[in-house]
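Student: First the structure, which I've put down as structure tokens, then a few questions once you've had a look.
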Amino acid sequence: MPMIHYILKDGSIRSVEAKIGSSVMENAVRSNIRGIDAECGGSCSCATCHIYVDDAFINRLQPPDDMENELLDGVASARLTSSRLSCQITVTADLDGLTVRVPEAQS
Ligand code: FES
């Protein structure tokens with residue numbers, strides 16, 4: 001199974017085995033990754049699953065659609081070029097080793 005590395009607010013790293021076809025957010029919630037709130041449960045309407053994707057992986061992802069883009073404009077922490085909503089990233093074998101950083105705040 002692909003491994004996802006979550007860099008937490010305190011700088012520590014949690015590594016989680018992720019199911020192919022699940023979302024980066026679902027794996028975070030299942031593993032109690034603090035700082036990914038995911039209040040809407042993954043329906044792309046809350047933006048509380050915001051993460052920063054490591055540069056090495058950003059180009060392997062499909063770009064955000066209009067809805068995700070709009071929500072990213074309103075995230076609580078700064079929007080960066082690496083900002084994504086973790087519920088909109090589907091785990092594939094190609095994403096093994098994906099590293100994401102949890103932002104300071106989600107709301
Ligand atoms: S969980 Fe709500 S937008 Fe991702």
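We label chains A, B, ... in the order they appear in the structure tokens, count residues from 1 in each chain, and number ligands from 1 in the order shown.
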List every residue of chain A that DSSP, applied to the backbone of this structure, places in strand (DSSP E), and write the result as a list in words.
Tutor: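 Taking chain A and keeping strand (DSSP E) gives Met3, Ile4, His5, Tyr6, Ile7, Ile13, Arg14, Ser15, Val16, Glu17, His50, Ile51, Tyr52, Val53, Ser83, Arg84, Leu85, Leu98, Thr99, Val100 and Arg101 of chain A.
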Student: Find the spatial neighbours of A:Glu39, counting only C-alpha atoms, within a cut-off of 8 Å - ignore same-chain residues fewer than 5 positions away - and output them as a PDB file with N, CA, C and O atoms, in the first residue's frame.
Tutor:
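Wrote it out as result-v2.pdb, contents follow:
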ATOM      1  N   CYS A  46     -16.141  22.423   2.934  1.00  0.00           N
ATOM      2  CA  CYS A  46     -15.755  23.061   4.203  1.00  0.00           C
ATOM      3  C   CYS A  46     -14.345  23.646   4.198  1.00  0.00           C
ATOM      4  O   CYS A  46     -14.061  24.571   4.941  1.00  0.00           O
ATOM      5  N   THR A  48     -11.795  22.498   5.536  1.00  0.00           N
ATOM      6  CA  THR A  48     -11.047  22.218   6.769  1.00  0.00           C
ATOM      7  C   THR A  48     -10.174  20.963   6.644  1.00  0.00           C
ATOM      8  O   THR A  48      -9.748  20.382   7.643  1.00  0.00           O
ATOM      9  N   CYS A  49      -9.924  20.573   5.406  1.00  0.00           N
ATOM     10  CA  CYS A  49      -8.994  19.465   5.158  1.00  0.00           C
ATOM     11  C   CYS A  49      -7.788  19.972   4.367  1.00  0.00           C
ATOM     12  O   CYS A  49      -7.081  19.195   3.730  1.00  0.00           O
TER      13      CYS A  49
END
Student: Please give me, as number ranges by chain, the residues lying within 8 Å of ligand 1 when counting only C-alpha atoms and all ligand atoms.
Tutor: A: 25, 37-50, 68, 71, 85-88
Student: Write a file of the selected residues as a tab-separated table (two decimals), in the first residue's frame, keeping N, CA and C atoms.
Tutor:
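For reference, selection30.tsv as written:
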chain	number	residue	atom	x	y	z
A	25	MET	N	-7.47	12.77	2.75
A	25	MET	CA	-8.21	13.18	3.95
A	25	MET	C	-8.72	11.95	4.72
A	37	ASP	N	-9.44	18.61	9.95
A	37	ASP	CA	-10.75	18.51	10.60
A	37	ASP	C	-11.79	17.84	9.70
A	38	ALA	N	-11.79	18.16	8.42
A	38	ALA	CA	-12.70	17.53	7.45
A	38	ALA	C	-14.16	17.58	7.90
A	39	GLU	N	-14.63	18.76	8.24
A	39	GLU	CA	-15.98	18.90	8.80
A	39	GLU	C	-17.09	18.46	7.85
A	40	CYS	N	-16.90	18.58	6.55
A	40	CYS	CA	-17.99	18.21	5.63
A	40	CYS	C	-17.90	16.74	5.21
A	41	GLY	N	-16.91	16.03	5.71
A	41	GLY	CA	-16.80	14.61	5.41
A	41	GLY	C	-16.31	14.30	4.01
A	42	GLY	N	-15.81	15.29	3.32
A	42	GLY	CA	-15.21	15.03	2.01
A	42	GLY	C	-16.05	15.47	0.83
A	43	SER	N	-17.07	16.28	1.08
A	43	SER	CA	-17.93	16.69	-0.03
A	43	SER	C	-17.51	18.03	-0.64
A	44	CYS	N	-16.29	18.43	-0.40
A	44	CYS	CA	-15.71	19.64	-0.98
A	44	CYS	C	-16.55	20.88	-0.67
A	45	SER	N	-16.87	21.07	0.62
A	45	SER	CA	-17.64	22.26	0.96
A	45	SER	C	-17.18	22.95	2.24
A	46	CYS	N	-16.14	22.42	2.93
A	46	CYS	CA	-15.75	23.06	4.20
A	46	CYS	C	-14.35	23.65	4.20
A	47	ALA	N	-13.46	23.09	3.41
A	47	ALA	CA	-12.05	23.53	3.33
A	47	ALA	C	-11.26	23.28	4.60
A	48	THR	N	-11.79	22.50	5.54
A	48	THR	CA	-11.05	22.22	6.77
A	48	THR	C	-10.17	20.96	6.64
A	49	CYS	N	-9.92	20.57	5.41
A	49	CYS	CA	-8.99	19.46	5.16
A	49	CYS	C	-7.79	19.97	4.37
A	50	HIS	N	-7.60	21.29	4.43
A	50	HIS	CA	-6.49	21.95	3.69
A	50	HIS	C	-5.14	21.35	4.10
A	68	GLU	N	-12.95	23.32	-5.87
A	68	GLU	CA	-11.82	23.25	-4.93
A	68	GLU	C	-11.07	24.58	-4.94
A	71	LEU	N	-12.83	27.17	-2.88
A	71	LEU	CA	-12.69	26.92	-1.44
A	71	LEU	C	-11.28	27.24	-0.96
A	85	LEU	N	-6.98	20.64	-1.13
A	85	LEU	CA	-7.91	20.04	-0.18
A	85	LEU	C	-7.66	18.54	-0.20
A	86	SER	N	-7.35	17.99	0.97
A	86	SER	CA	-6.93	16.59	0.99
A	86	SER	C	-8.05	15.62	0.63
A	87	CYS	N	-9.31	16.06	0.72
A	87	CYS	CA	-10.41	15.17	0.34
A	87	CYS	C	-10.51	15.03	-1.18
A	88	GLN	N	-9.83	15.90	-1.90
A	88	GLN	CA	-9.91	15.87	-3.36
A	88	GLN	C	-8.71	15.18	-3.98
Student: Might you pull out every residue within 10 Å of A:Asp55, with only C-alpha atoms counted and same-chain residues fewer than 6 positions away left off, and present them as a list of chain:residue names?
Tutor: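 My list of contacting residues is A:Thr81, A:Ser82, A:Leu98, A:Thr99, A:Val100.
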Student: Check the smallest atom-to-atom distance from each of A:Asn32, A:Thr90, A:Ser22, A:Asn59 to A:Leu8 using only C-alpha atoms, then report the winner.
Tutor: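 Among the listed residues, A:Asn32 lies closest to A:Leu8.
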Student: To one decimal place, how far is atom CA of A:Glu17 from atom CA of A:Val29 in Å?
Tutor: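 Atom-to-atom, atom CA of A:Glu17 to atom CA of A:Val29, that is 12.7 Å.
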Student: As an exercise, work out the distance from atom CA of A:Ala78 to atom CA of A:Ser15 in Å and give it to one decimal place.
Tutor: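 Interatomic distance, atom CA of A:Ala78 to atom CA of A:Ser15: 24.3 Å.
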Student: Which neighbours of A:Tyr6 fall inside 10 Å, counting only C-alpha atoms, when residues of the same chain fewer than 4 positions from it are skipped, and could you give them as a PyMOL selection string?
Tutor: chain A and resi 11-16+24+28+33-34+51-53+98-102
Student: Can you spit out the residues from that selection as a short mmCIF file (atom, residue, chain, number, x, y, z; two decimals), in the first residue's frame, using all heavy atoms?
Tutor:
data_model
loop_
_atom_site.label_atom_id
_atom_site.label_comp_id
_atom_site.auth_asym_id
_atom_site.auth_seq_id
_atom_site.Cartn_x
_atom_site.Cartn_y
_atom_site.Cartn_z
N GLY A 11 5.87 19.74 13.81
CA GLY A 11 7.04 19.32 13.04
C GLY A 11 7.26 17.81 13.02
O GLY A 11 8.10 17.31 12.27
N SER A 12 6.51 17.10 13.85
CA SER A 12 6.66 15.64 13.85
C SER A 12 5.99 15.06 12.60
O SER A 12 5.15 15.70 11.97
CB SER A 12 6.08 15.03 15.12
OG SER A 12 4.70 15.28 15.19
N ILE A 13 6.38 13.84 12.26
CA ILE A 13 5.87 13.21 11.04
C ILE A 13 5.12 11.93 11.41
O ILE A 13 5.61 11.12 12.20
CB ILE A 13 7.02 12.87 10.07
CG1 ILE A 13 7.72 14.17 9.65
CG2 ILE A 13 6.50 12.12 8.83
CD1 ILE A 13 8.93 13.95 8.75
N ARG A 14 3.92 11.79 10.86
CA ARG A 14 3.15 10.55 11.01
C ARG A 14 3.07 9.90 9.63
O ARG A 14 2.64 10.54 8.67
CB ARG A 14 1.74 10.83 11.51
CG ARG A 14 1.63 11.29 12.96
CD ARG A 14 1.52 10.15 13.95
NE ARG A 14 0.59 9.10 13.57
CZ ARG A 14 -0.73 9.16 13.76
NH1 ARG A 14 -1.28 10.20 14.35
NH2 ARG A 14 -1.51 8.14 13.40
N SER A 15 3.45 8.66 9.54
CA SER A 15 3.41 7.94 8.27
C SER A 15 2.29 6.90 8.33
O SER A 15 2.18 6.16 9.31
CB SER A 15 4.75 7.27 8.01
OG SER A 15 5.75 8.26 7.90
N VAL A 16 1.48 6.89 7.29
CA VAL A 16 0.28 6.09 7.29
C VAL A 16 0.20 5.28 5.99
O VAL A 16 0.44 5.82 4.91
CB VAL A 16 -0.95 7.04 7.39
CG1 VAL A 16 -2.25 6.32 7.12
CG2 VAL A 16 -0.98 7.73 8.74
N VAL A 24 -6.68 11.32 0.57
CA VAL A 24 -5.64 11.69 1.55
C VAL A 24 -6.31 12.12 2.85
O VAL A 24 -5.83 11.83 3.95
CB VAL A 24 -4.73 12.79 0.96
CG1 VAL A 24 -3.77 13.33 2.01
CG2 VAL A 24 -3.95 12.22 -0.24
N ALA A 28 -6.12 10.45 6.78
CA ALA A 28 -5.76 11.29 7.92
C ALA A 28 -6.77 11.11 9.05
O ALA A 28 -6.39 10.92 10.21
CB ALA A 28 -5.71 12.76 7.48
N ILE A 33 -4.98 12.03 12.47
CA ILE A 33 -3.98 13.07 12.22
C ILE A 33 -4.56 14.39 12.69
O ILE A 33 -5.56 14.87 12.15
CB ILE A 33 -3.63 13.16 10.71
CG1 ILE A 33 -3.12 11.81 10.18
CG2 ILE A 33 -2.66 14.30 10.43
CD1 ILE A 33 -1.77 11.39 10.69
N ARG A 34 -3.96 14.96 13.72
CA ARG A 34 -4.49 16.21 14.27
C ARG A 34 -4.28 17.36 13.30
O ARG A 34 -3.21 17.49 12.70
CB ARG A 34 -3.82 16.54 15.60
CG ARG A 34 -4.58 15.90 16.73
CD ARG A 34 -4.14 16.40 18.07
NE ARG A 34 -3.75 15.23 18.86
CZ ARG A 34 -2.58 15.08 19.43
NH1 ARG A 34 -1.68 16.03 19.36
NH2 ARG A 34 -2.31 14.00 20.11
N ILE A 51 -4.29 21.14 3.11
CA ILE A 51 -2.92 20.67 3.35
C ILE A 51 -1.99 21.36 2.34
O ILE A 51 -2.45 21.88 1.33
CB ILE A 51 -2.77 19.15 3.16
CG1 ILE A 51 -3.49 18.70 1.87
CG2 ILE A 51 -3.26 18.36 4.35
CD1 ILE A 51 -2.81 17.60 1.16
N TYR A 52 -0.70 21.31 2.63
CA TYR A 52 0.32 21.75 1.69
C TYR A 52 1.03 20.50 1.17
O TYR A 52 1.54 19.69 1.95
CB TYR A 52 1.33 22.67 2.37
CG TYR A 52 0.72 23.93 2.94
CD1 TYR A 52 0.73 24.17 4.32
CD2 TYR A 52 0.13 24.88 2.12
CE1 TYR A 52 0.16 25.32 4.85
CE2 TYR A 52 -0.44 26.04 2.64
CZ TYR A 52 -0.42 26.25 4.01
OH TYR A 52 -0.98 27.39 4.54
N VAL A 53 1.05 20.36 -0.15
CA VAL A 53 1.66 19.18 -0.78
C VAL A 53 3.13 19.46 -1.08
O VAL A 53 3.49 20.53 -1.59
CB VAL A 53 0.91 18.84 -2.09
CG1 VAL A 53 1.59 17.69 -2.82
CG2 VAL A 53 -0.55 18.51 -1.80
N LEU A 98 4.01 10.17 -0.74
CA LEU A 98 3.46 11.53 -0.73
C LEU A 98 3.65 12.17 0.65
O LEU A 98 3.34 11.56 1.67
CB LEU A 98 1.96 11.46 -1.05
CG LEU A 98 1.18 12.78 -0.92
CD1 LEU A 98 1.61 13.77 -1.98
CD2 LEU A 98 -0.32 12.51 -1.03
N THR A 99 4.18 13.39 0.64
CA THR A 99 4.38 14.10 1.89
C THR A 99 3.54 15.37 1.87
O THR A 99 3.58 16.13 0.90
CB THR A 99 5.87 14.46 2.06
OG1 THR A 99 6.63 13.25 2.03
CG2 THR A 99 6.13 15.18 3.38
N VAL A 100 2.75 15.56 2.92
CA VAL A 100 1.89 16.75 3.01
C VAL A 100 2.08 17.38 4.39
O VAL A 100 2.38 16.70 5.36
CB VAL A 100 0.40 16.39 2.79
CG1 VAL A 100 0.19 15.73 1.43
CG2 VAL A 100 -0.16 15.51 3.89
N ARG A 101 1.89 18.69 4.44
CA ARG A 101 2.06 19.41 5.70
C ARG A 101 0.70 19.95 6.15
O ARG A 101 -0.06 20.48 5.34
CB ARG A 101 3.06 20.55 5.50
CG ARG A 101 3.46 21.28 6.76
CD ARG A 101 4.76 22.05 6.55
NE ARG A 101 4.71 23.00 5.46
CZ ARG A 101 4.21 24.22 5.54
NH1 ARG A 101 3.70 24.65 6.69
NH2 ARG A 101 4.22 25.03 4.50
N VAL A 102 0.43 19.80 7.42
CA VAL A 102 -0.82 20.29 8.00
C VAL A 102 -0.64 21.78 8.32
O VAL A 102 0.34 22.16 8.95
CB VAL A 102 -1.15 19.50 9.29
CG1 VAL A 102 -2.38 20.05 9.98
CG2 VAL A 102 -1.32 18.01 8.97
#
Student: Quick one: everything within 12 Å of A:Ala93, counting only C-alpha atoms, minus sequence neighbours fewer than 5 positions away in the same chain. Send it as a ChimeraX atom specification.
Tutor: /A:1-4,17-22,60,98
Student: Keeping N, CA and C atoms, export the residues of the selection given above as a PDB file, in the first residue's frame.
Tutor:
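Output contents, as saved in out-v6.pdb:
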ATOM      1  N   MET A   1       0.852  -1.198   0.000  1.00  0.00           N
ATOM      2  CA  MET A   1       0.000   0.000   0.000  1.00  0.00           C
ATOM      3  C   MET A   1       0.890   1.252   0.000  1.00  0.00           C
ATOM      4  N   PRO A   2       0.464   2.286  -0.691  1.00  0.00           N
ATOM      5  CA  PRO A   2       1.251   3.528  -0.690  1.00  0.00           C
ATOM      6  C   PRO A   2       1.351   4.109   0.720  1.00  0.00           C
ATOM      7  N   MET A   3       2.448   4.745   0.987  1.00  0.00           N
ATOM      8  CA  MET A   3       2.661   5.389   2.286  1.00  0.00           C
ATOM      9  C   MET A   3       2.482   6.897   2.124  1.00  0.00           C
ATOM     10  N   ILE A   4       1.738   7.502   3.042  1.00  0.00           N
ATOM     11  CA  ILE A   4       1.604   8.963   3.047  1.00  0.00           C
ATOM     12  C   ILE A   4       2.244   9.477   4.329  1.00  0.00           C
ATOM     13  N   GLU A  17      -0.132   4.002   6.094  1.00  0.00           N
ATOM     14  CA  GLU A  17      -0.368   3.204   4.882  1.00  0.00           C
ATOM     15  C   GLU A  17      -1.760   3.536   4.377  1.00  0.00           C
ATOM     16  N   ALA A  18      -1.857   3.860   3.100  1.00  0.00           N
ATOM     17  CA  ALA A  18      -3.128   4.335   2.554  1.00  0.00           C
ATOM     18  C   ALA A  18      -3.674   3.362   1.521  1.00  0.00           C
ATOM     19  N   LYS A  19      -4.994   3.224   1.525  1.00  0.00           N
ATOM     20  CA  LYS A  19      -5.643   2.357   0.536  1.00  0.00           C
ATOM     21  C   LYS A  19      -5.732   3.082  -0.793  1.00  0.00           C
ATOM     22  N   ILE A  20      -5.398   2.374  -1.866  1.00  0.00           N
ATOM     23  CA  ILE A  20      -5.573   2.954  -3.195  1.00  0.00           C
ATOM     24  C   ILE A  20      -7.066   3.210  -3.412  1.00  0.00           C
ATOM     25  N   GLY A  21      -7.374   4.391  -3.921  1.00  0.00           N
ATOM     26  CA  GLY A  21      -8.775   4.753  -4.170  1.00  0.00           C
ATOM     27  C   GLY A  21      -9.396   5.557  -3.051  1.00  0.00           C
ATOM     28  N   SER A  22      -8.751   5.573  -1.880  1.00  0.00           N
ATOM     29  CA  SER A  22      -9.254   6.415  -0.787  1.00  0.00           C
ATOM     30  C   SER A  22      -8.657   7.806  -0.949  1.00  0.00           C
ATOM     31  N   ARG A  60       2.222  15.687  -9.837  1.00  0.00           N
ATOM     32  CA  ARG A  60       1.654  14.356 -10.096  1.00  0.00           C
ATOM     33  C   ARG A  60       0.148  14.347  -9.849  1.00  0.00           C
ATOM     34  N   LEU A  98       4.015  10.166  -0.744  1.00  0.00           N
ATOM     35  CA  LEU A  98       3.456  11.528  -0.730  1.00  0.00           C
ATOM     36  C   LEU A  98       3.653  12.170   0.645  1.00  0.00           C
TER      37      LEU A  98
END
Student: Please report the interatomic distance between atom CA of A:Gly74 and atom CA of A:Ala105 in Å with one decimal.
Tutor: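 Between atom CA of A:Gly74 and atom CA of A:Ala105 the gap works out to 12.1 Å.
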Student: Name all residues at most 8 Å from A:Glu104 (count only C-alpha atoms; drop same-chain ones fewer than 6 positions away) and give them as a list in words.
Tutor: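 Close residues of A:Glu104: Lys9, Gly35 and Ser77 of chain A.
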Student: Just the selected residues (C-alpha atoms), exported as a tab-separated table (two decimals), in the first residue's frame, please.
Tutor:
chain	number	residue	atom	x	y	z
A	9	LYS	CA	2.04	21.41	13.23
A	35	GLY	CA	-5.20	19.37	12.28
A	77	SER	CA	-4.06	29.58	6.80
